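File shown here: data_24.txt, holding compact mmCIF, C-alpha atoms.
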# COMPACT_ATOMS: atom_id res chain seq x y z
CA MET O 1 -11.34 -31.26 -4.14
CA SER O 2 -14.36 -30.36 -2.03
CA GLU O 3 -14.37 -27.10 -0.10
CA HIS O 4 -14.54 -29.02 3.19
CA LYS O 5 -11.38 -31.01 2.41
CA LEU O 6 -9.56 -27.89 1.23
CA LEU O 7 -10.33 -26.08 4.47
CA ALA O 8 -9.32 -29.07 6.58
CA GLN O 9 -6.04 -29.49 4.67
CA TYR O 10 -4.87 -25.97 5.57
CA GLY O 11 -6.67 -25.52 8.89
CA LEU O 12 -8.92 -22.76 7.55
CA LYS O 13 -12.22 -21.66 9.08
CA TYR O 14 -13.28 -20.47 5.63
CA ASN O 15 -11.70 -19.66 2.30
CA PRO O 16 -10.21 -16.16 2.73
CA PHE O 17 -10.24 -15.58 -1.03
CA LEU O 18 -13.99 -16.03 -1.60
CA PRO O 19 -16.62 -13.29 -1.15
CA ALA O 20 -18.58 -14.97 1.69
CA ILE O 21 -16.35 -13.75 4.54
CA PRO O 22 -18.12 -13.14 7.89
CA THR O 23 -18.76 -9.44 8.35
CA GLU O 24 -16.96 -9.39 11.69
CA ASP O 25 -13.80 -10.69 9.95
CA LEU O 26 -13.73 -8.13 7.15
CA TRP O 27 -10.77 -5.76 6.99
CA GLU O 28 -11.69 -2.12 7.46
CA PRO O 29 -9.58 0.06 5.14
CA GLY O 30 -8.25 3.21 6.72
CA PHE O 31 -9.46 5.35 3.83
CA ALA O 32 -13.08 4.45 4.70
CA SER O 33 -12.98 5.46 8.38
CA SER O 34 -13.97 9.09 7.75
CA PHE O 35 -16.78 7.98 5.43
CA PHE O 36 -18.21 5.66 8.10
CA TYR O 37 -18.11 8.40 10.73
CA ARG O 38 -19.73 10.97 8.47
CA VAL O 39 -22.56 8.61 7.46
CA GLU O 40 -23.20 7.78 11.13
CA THR O 41 -23.46 11.53 11.75
CA LEU O 42 -25.70 11.96 8.69
CA VAL O 43 -28.23 9.59 10.27
CA LEU O 44 -29.15 12.36 12.70
CA ASP O 45 -30.19 14.79 9.95
CA GLY O 46 -30.81 12.65 6.86
CA GLY O 47 -29.69 13.23 3.29
CA PHE O 48 -27.59 11.52 0.64
CA ALA O 49 -24.15 9.90 0.71
CA LEU O 50 -22.29 8.62 -2.33
CA LEU O 51 -19.74 5.80 -2.59
CA THR O 52 -18.07 5.31 -5.98
CA GLY O 53 -15.22 3.37 -7.52
CA GLU O 54 -14.30 1.14 -10.42
CA PRO O 55 -15.27 -2.58 -10.29
CA GLY O 56 -13.33 -4.68 -7.80
CA LEU O 57 -12.19 -1.88 -5.46
CA GLY O 58 -14.35 -3.00 -2.54
CA LYS O 59 -17.51 -0.88 -2.67
CA SER O 60 -19.81 -3.74 -1.70
CA LYS O 61 -17.62 -4.78 1.23
CA ILE O 62 -17.52 -1.20 2.48
CA LEU O 63 -21.33 -1.11 2.31
CA GLN O 64 -21.40 -4.41 4.22
CA LEU O 65 -19.15 -2.94 6.92
CA LEU O 66 -21.25 0.23 7.02
CA SER O 67 -24.46 -1.76 7.43
CA HIS O 68 -22.89 -3.69 10.30
CA ARG O 69 -21.83 -0.46 12.05
CA LEU O 70 -25.25 1.14 11.58
CA ASP O 71 -27.01 -1.95 12.95
CA ALA O 72 -24.85 -1.62 16.06
CA LEU O 73 -26.38 1.80 16.77
CA GLY O 74 -29.49 -0.05 17.90
CA ASP O 75 -32.26 2.46 17.22
CA VAL O 76 -31.95 2.74 13.45
CA VAL O 77 -33.82 0.93 10.71
CA VAL O 78 -31.52 -0.12 7.87
CA GLY O 79 -33.05 -1.17 4.56
CA VAL O 80 -30.95 -2.70 1.79
CA MET O 81 -32.38 -2.44 -1.71
CA GLU O 82 -31.81 -5.67 -3.63
CA ARG O 83 -33.18 -4.69 -7.04
CA PRO O 84 -31.92 -1.23 -8.01
CA GLN O 85 -32.88 -1.73 -11.66
CA SER O 86 -36.61 -1.76 -10.82
CA THR O 87 -39.23 0.35 -12.51
CA VAL O 88 -40.82 3.04 -10.35
CA THR O 89 -43.76 0.74 -9.49
CA ASP O 90 -41.51 -2.10 -8.30
CA PHE O 91 -39.28 0.43 -6.59
CA TYR O 92 -42.21 1.48 -4.40
CA ARG O 93 -43.09 -2.16 -3.75
CA GLU O 94 -39.59 -2.86 -2.47
CA LEU O 95 -39.53 0.28 -0.31
CA GLY O 96 -42.81 -0.84 1.22
CA ASP O 97 -41.36 -4.27 2.04
CA LEU O 98 -38.18 -2.76 3.52
CA PHE O 99 -39.99 -0.34 5.82
CA GLY O 100 -43.06 -2.39 6.68
CA VAL O 101 -45.65 -0.45 4.70
CA ASN O 102 -48.32 -2.22 2.65
CA LEU O 103 -48.36 -0.27 -0.61
CA ALA O 104 -50.90 -0.57 -3.43
CA PRO O 105 -49.10 -0.48 -6.80
CA ASN O 106 -51.98 1.42 -8.41
CA ASN O 107 -51.94 4.15 -5.74
CA ARG O 108 -48.48 5.71 -5.82
CA TYR O 109 -49.64 8.86 -4.06
CA GLY O 110 -51.03 6.78 -1.21
CA GLY O 111 -47.74 4.92 -0.98
CA PHE O 112 -45.86 8.19 -0.99
CA LYS O 113 -47.85 9.43 2.01
CA LEU O 114 -47.64 6.14 3.92
CA LEU O 115 -43.87 5.88 3.56
CA ARG O 116 -43.32 9.46 4.69
CA GLN O 117 -45.60 8.97 7.69
CA ARG O 118 -43.77 5.76 8.64
CA TRP O 119 -40.44 7.61 8.52
CA LYS O 120 -41.82 10.57 10.51
CA ASP O 121 -43.09 8.21 13.21
CA HIS O 122 -39.72 6.48 13.39
CA ILE O 123 -37.85 9.78 13.72
CA LYS O 124 -40.23 10.95 16.44
CA SER O 125 -39.69 7.81 18.52
CA LYS O 126 -36.00 7.06 17.81
CA LEU O 127 -34.58 10.45 16.72
CA PHE O 128 -32.51 8.71 14.01
CA ARG O 129 -33.46 8.83 10.34
CA PRO O 130 -34.22 5.50 8.65
CA ILE O 131 -31.40 4.38 6.35
CA LEU O 132 -31.54 3.03 2.81
CA LEU O 133 -28.45 1.36 1.29
CA ILE O 134 -28.37 0.87 -2.48
CA ASP O 135 -25.55 -1.03 -4.17
CA GLU O 136 -25.12 -0.93 -7.96
CA ALA O 137 -27.04 2.35 -7.95
CA GLN O 138 -25.75 3.21 -11.43
CA GLU O 139 -28.45 0.79 -12.67
CA MET O 140 -31.32 2.82 -11.17
CA GLU O 141 -33.81 4.53 -13.41
CA THR O 142 -33.71 8.31 -13.36
CA GLY O 143 -37.33 8.36 -12.23
CA CYS O 144 -36.55 6.21 -9.19
CA LEU O 145 -33.64 8.41 -8.16
CA ASN O 146 -35.84 11.48 -8.35
CA GLU O 147 -38.59 9.73 -6.39
CA LEU O 148 -36.03 9.15 -3.61
CA ARG O 149 -35.18 12.84 -3.55
CA LEU O 150 -38.81 13.89 -3.37
CA LEU O 151 -39.84 11.19 -0.88
CA GLY O 152 -37.28 12.21 1.70
CA SER O 153 -37.72 15.97 1.47
CA VAL O 154 -40.18 17.93 3.65
CA ASN O 155 -40.82 21.55 4.67
CA PHE O 156 -39.68 23.00 1.35
CA ASP O 157 -36.50 20.91 1.31
CA SER O 158 -35.39 22.14 4.75
CA GLU O 159 -35.66 18.68 6.37
CA SER O 160 -34.86 15.10 5.31
CA LEU O 161 -36.81 12.06 6.44
CA LEU O 162 -34.38 9.46 5.11
CA THR O 163 -30.65 8.78 4.96
CA THR O 164 -29.71 7.24 1.62
CA VAL O 165 -26.32 5.78 0.70
CA LEU O 166 -25.85 5.25 -3.03
CA SER O 167 -22.98 3.06 -4.24
CA GLY O 168 -21.92 2.55 -7.85
CA ASP O 169 -19.22 2.75 -10.47
CA SER O 170 -17.95 5.86 -12.27
CA ARG O 171 -21.14 6.12 -14.32
CA LEU O 172 -23.06 7.22 -11.22
CA PRO O 173 -21.36 10.59 -10.51
CA ASP O 174 -21.47 11.27 -14.26
CA ARG O 175 -25.25 10.85 -14.18
CA PHE O 176 -25.55 13.38 -11.35
CA ARG O 177 -24.06 16.00 -13.66
CA THR O 178 -26.94 15.61 -16.13
CA ARG O 179 -29.81 18.08 -16.09
CA ALA O 180 -32.34 15.44 -14.97
CA LEU O 181 -30.38 14.45 -11.85
CA LEU O 182 -28.51 17.64 -11.01
CA PRO O 183 -30.98 18.49 -8.20
CA LEU O 184 -30.12 15.21 -6.48
CA GLY O 185 -26.40 15.48 -7.17
CA SER O 186 -26.26 18.90 -5.55
CA ARG O 187 -27.78 17.44 -2.36
CA ILE O 188 -25.12 14.77 -1.77
CA ARG O 189 -23.46 15.66 1.53
CA VAL O 190 -20.99 12.81 2.05
CA ARG O 191 -18.78 11.32 -0.66
CA LEU O 192 -16.09 8.66 -0.94
CA ALA O 193 -14.45 7.98 -4.30
CA ILE O 194 -12.32 4.84 -3.97
CA GLU O 195 -9.02 4.90 -5.83
CA PRO O 196 -6.86 1.86 -6.66
CA TRP O 197 -5.49 0.55 -3.38
CA SER O 198 -1.94 1.24 -2.30
CA ARG O 199 0.52 -1.62 -2.03
CA GLU O 200 0.49 -1.21 1.76
CA ASP O 201 -3.30 -1.48 1.95
CA LEU O 202 -3.36 -4.58 -0.26
CA ARG O 203 -0.71 -6.26 1.87
CA ALA O 204 -2.51 -5.34 5.10
CA TYR O 205 -5.76 -6.69 3.65
CA LEU O 206 -4.10 -9.95 2.59
CA ASP O 207 -2.41 -10.47 5.97
CA HIS O 208 -5.68 -9.74 7.79
CA ALA O 209 -7.77 -12.05 5.59
CA ILE O 210 -5.42 -15.02 6.06
CA ARG O 211 -5.04 -14.43 9.78
CA GLN O 212 -8.79 -14.16 10.38
CA ALA O 213 -9.35 -17.36 8.40
CA GLY O 214 -7.14 -19.15 10.92
CA ALA O 215 -3.95 -19.93 8.97
CA SER O 216 -1.39 -17.13 9.23
CA GLN O 217 1.31 -19.32 7.65
CA LEU O 218 -0.78 -20.18 4.60
CA MET O 219 1.31 -18.00 2.25
CA THR O 220 5.00 -17.14 2.34
CA ASP O 221 6.02 -13.49 2.51
CA GLU O 222 7.59 -13.78 -0.94
CA LEU O 223 4.32 -15.00 -2.43
CA LYS O 224 2.35 -12.27 -0.67
CA ASP O 225 4.63 -9.68 -2.26
CA ALA O 226 4.20 -11.27 -5.70
CA VAL O 227 0.41 -11.41 -5.42
CA VAL O 228 0.20 -7.80 -4.22
CA ASP O 229 2.47 -6.61 -7.05
CA HIS O 230 0.30 -8.35 -9.67
CA ALA O 231 -3.05 -7.14 -8.27
CA ALA O 232 -2.73 -3.67 -9.87
CA GLY O 233 -4.29 -1.99 -6.84
CA ASN O 234 -7.47 -4.08 -7.14
CA PRO O 235 -8.47 -6.33 -4.21
CA ARG O 236 -10.76 -8.42 -6.42
CA ILE O 237 -7.80 -9.33 -8.63
CA LEU O 238 -5.79 -10.12 -5.50
CA THR O 239 -8.41 -12.50 -4.14
CA ALA O 240 -8.86 -14.16 -7.54
CA LEU O 241 -5.12 -14.86 -7.65
CA GLY O 242 -5.21 -16.17 -4.09
CA ALA O 243 -8.14 -18.49 -4.80
CA GLU O 244 -6.42 -19.94 -7.87
CA LEU O 245 -3.17 -20.47 -5.97
CA LEU O 246 -4.98 -22.13 -3.07
CA ASP O 247 -6.79 -24.55 -5.40
CA ALA O 248 -3.54 -25.40 -7.18
CA ALA O 249 -1.67 -25.98 -3.91
CA ALA O 250 -4.44 -28.23 -2.58
CA ALA O 251 -4.49 -30.26 -5.80
CA GLN O 252 -0.72 -30.85 -5.43
CA SER O 253 -0.96 -31.46 -1.66
CA ARG O 254 1.54 -28.69 -0.94
CA PRO O 255 1.98 -27.76 2.72
CA ASN O 256 1.61 -24.03 1.94
CA LEU O 257 1.56 -21.50 -0.89
CA ASP O 258 4.91 -20.14 -2.04
CA ASP O 259 6.50 -18.15 -4.86
CA LYS O 260 7.54 -21.34 -6.67
CA LEU O 261 3.86 -22.21 -7.11
CA PHE O 262 3.22 -18.70 -8.43
CA LEU O 263 5.96 -19.09 -11.05
CA GLU O 264 4.62 -22.49 -12.10
CA LEU O 265 1.14 -21.10 -12.64
CA TYR O 266 1.83 -17.73 -14.18
CA SER O 267 5.26 -17.67 -15.80
CA ARG O 268 4.97 -17.62 -19.58
CA GLN O 269 6.80 -20.24 -21.53
CA PRO O 270 8.54 -18.93 -24.67
CA ARG O 271 6.79 -19.90 -27.85
CA PRO O 272 8.84 -21.77 -30.46
CA ARG O 273 9.61 -19.64 -33.46
CA SER O 274 7.93 -20.65 -36.67
CA VAL O 275 10.25 -21.86 -39.38
CA VAL O 276 9.97 -19.91 -42.61
CA GLN O 277 10.12 -22.27 -45.58
Structure translated into structure tokens:
Amino acid sequence: MSEHKLLAQYGLKYNPFLPAIPTEDLWEPGFASSFFYRVETLVLDGGFALLTGEPGLGKSKILQLLSHRLDALGDVVVGVMERPQSTVTDFYRELGDLFGVNLAPNNRYGGFKLLRQRWKDHIKSKLFRPILLIDEAQEMETGCLNELRLLGSVNFDSESLLTTVLSGDSRLPDRFRTRALLPLGSRIRVRLAIEPWSREDLRAYLDHAIRQAGASQLMTDELKDAVVDHAAGNPRILTALGAELLDAAAAQSRPNLDDKLFLELYSRQPRPRSVVQ
């Protein structure tokens, strides 16, 4: 079934179980509120923030929400790095594109000076530090991470020209304990380590996602409880289950998603015992 027919069948504005949810419809988890506030405050002084968690716990969505909130401030420049695995040369190229500086790859020192001057001019006119958001930062080369530290530091490390938010899995904080990156790790001022979600948070997220998509009665309460219980605290697992259930219900032309459908899809049938000759 096409996506258009599926949405029409259940009166949905969009599929609430797929990643492409409008930013304004995303659920804001309560555990992230303090992190958002502290990063917004960090923009005044600059420095590093760190967001970590195992795959599927919502790091990218939290960055998406953060970017939306920072854009709303009006006078900030928010750059989102799309290729964290770059070499140092490509890293400078991307920084130049993000902040409107024409950098020559063979003149890294010149690029270093131009970027810092661009950031100084922005701070002088807007008071806010420019912001750089980096998802999947565990893939960054050590050299690039150290370039970030040196680029944003002025007056013998007493001032910061840039606010940088690094997001990655558990490998990232481990790297900051190594000798090569300890100077950067010691400068991280704001941290959020995401733990597996509570049952209450998963249920609130599920209710919100379905309601915002325009079909509050899409799933029965019994099915919501079953999906939450099987998600193991991971919203990505929860949405994967929801997407599979929605496809199955549409294929069978069911009016909604219920626990009977869940049992049909996921209950294990006993295997026949082999006969010993």
Skip Asp169 (chain O) itself and residues of its chain fewer than 2 positions away, then list as a PyMOL selection string all residues within 12 Å of it, counting all atoms listed in the file. chain O and resi 50-60+135-139+166-167+171-175+192-195
Test item: residues at most 7 Å from region 232-234 of chain O, only C-alpha atoms, excluding those fewer than 4 positions along its chain, as a list of chain:residue names: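 Once the adjacent positions are removed, what remains is O:Gly56, O:Leu57, O:Pro196, O:Trp197, O:Ser198, O:Arg199, O:Leu238.
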Export of the given selection (C-alpha atoms) as a PDB file, in the coordinates of the input:
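New file part-v8.pdb:
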ATOM      1  CA  GLY O  56     -13.330  -4.680  -7.800  1.00  0.00           C
ATOM      2  CA  LEU O  57     -12.190  -1.880  -5.460  1.00  0.00           C
ATOM      3  CA  PRO O 196      -6.860   1.860  -6.660  1.00  0.00           C
ATOM      4  CA  TRP O 197      -5.490   0.550  -3.380  1.00  0.00           C
ATOM      5  CA  SER O 198      -1.940   1.240  -2.300  1.00  0.00           C
ATOM      6  CA  ARG O 199       0.520  -1.620  -2.030  1.00  0.00           C
ATOM      7  CA  LEU O 238      -5.790 -10.120  -5.500  1.00  0.00           C
TER       8      LEU O 238
END
Two-atom distance - CA of Tyr266 (chain O), CA of Ala250 (chain O) (Å): 16.9 Å
For Asp258 (chain O), list every protein, DNA or RNA residue within 8 Å, evaluated using all atoms listed in the file, and leave out those in the same chain fewer than 6 positions away; present the list as a ChimeraX atom specification. /O:219-220,222-223
At what distance in Å, to one decimal, does CA of Thr89 (chain O) lie from CA of Asn106 (chain O)? 8.3 Å
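Atom pair CA of Glu264 (chain O) / CA of Glu200 (chain O) has a distance of 25.7 Å (rounded to one decimal).
Minimum atom-to-atom distance to Leu148 (chain O), evaluated using only C-alpha atoms, belongs to O:Arg116 out of O:His230, O:Arg203, O:Arg179, O:Arg116.
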Extract, using all atoms listed in the file, all DNA, RNA and protein residues at most 10 Å from Phe262 (chain O), discarding same-chain residues fewer than 6 positions from it, and format them as a PyMOL selection string. chain O and resi 222-223+226-227+241-242+244-245+248-249
Using only C-alpha atoms for the distances, tell me which of O:Thr164, O:Ser267, O:Lys126, O:Pro255 is nearest to Met81 (chain O).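 Closest residue, counting only C-alpha atoms: O:Thr164.
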Arg129 (chain O) environment, 12 Å, all atoms listed in the file, sequence neighbours closer than 5 positions dropped, as an NGL selection string: :O and (39-48 or 70 or 73 or 75-79 or 116 or 118-124 or 152 or 159-164)
Give the centre and edge lengths of an axis-aligned box, in Å to one decimal, that holds all listed atoms of region 80-96 of chain O with 8 Å on each side, as lines of an AutoDock Vina configuration file.
center_x = -37.4
center_y = -1.3
center_z = -5.4
size_x = 28.8
size_y = 24.7
size_z = 30.3
Per residue of region 133-247 of chain O within 12 Å of region 5-9 of chain O, which atom pair is closest and at what distance in Å (one decimal), using only C-alpha atoms, listed by chain and increasing number, as JSON lines?
{"residue": "O:Ala213", "atom": "CA", "partner": "O:Leu7", "partner_atom": "CA", "distance": 9.6}
{"residue": "O:Gly214", "atom": "CA", "partner": "O:Leu7", "partner_atom": "CA", "distance": 10.0}
{"residue": "O:Ala215", "atom": "CA", "partner": "O:Leu7", "partner_atom": "CA", "distance": 9.9}
{"residue": "O:Leu218", "atom": "CA", "partner": "O:Gln9", "partner_atom": "CA", "distance": 10.7}
{"residue": "O:Ala243", "atom": "CA", "partner": "O:Leu6", "partner_atom": "CA", "distance": 11.3}
{"residue": "O:Leu246", "atom": "CA", "partner": "O:Leu6", "partner_atom": "CA", "distance": 8.5}
{"residue": "O:Asp247", "atom": "CA", "partner": "O:Leu6", "partner_atom": "CA", "distance": 7.9}
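Using only C-alpha atoms, the nearest neighbour of Phe91 (chain O) within the list O:Gly74, O:Glu147, O:Ile62, O:Phe36 is O:Glu147.
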Selected residue of minimal separation from Ala49 (chain O) among O:Lys61, O:Lys224, O:His208, O:Arg189, counting all atoms listed in the file: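 So, comparing all the options, the nearest one is O:Arg189.
Using only C-alpha atoms, the smallest distance between any of O:Tyr109, O:Asp97, O:Asp225, O:Val165 and Arg38 (chain O) comes from O:Val165.
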Considering all atoms listed in the file, can you say which of O:Thr178, O:Gln117, O:Ser170, O:Ser125 comes closest to Leu151 (chain O)?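 Of all the options, O:Gln117 lies closest to Leu151 (chain O).
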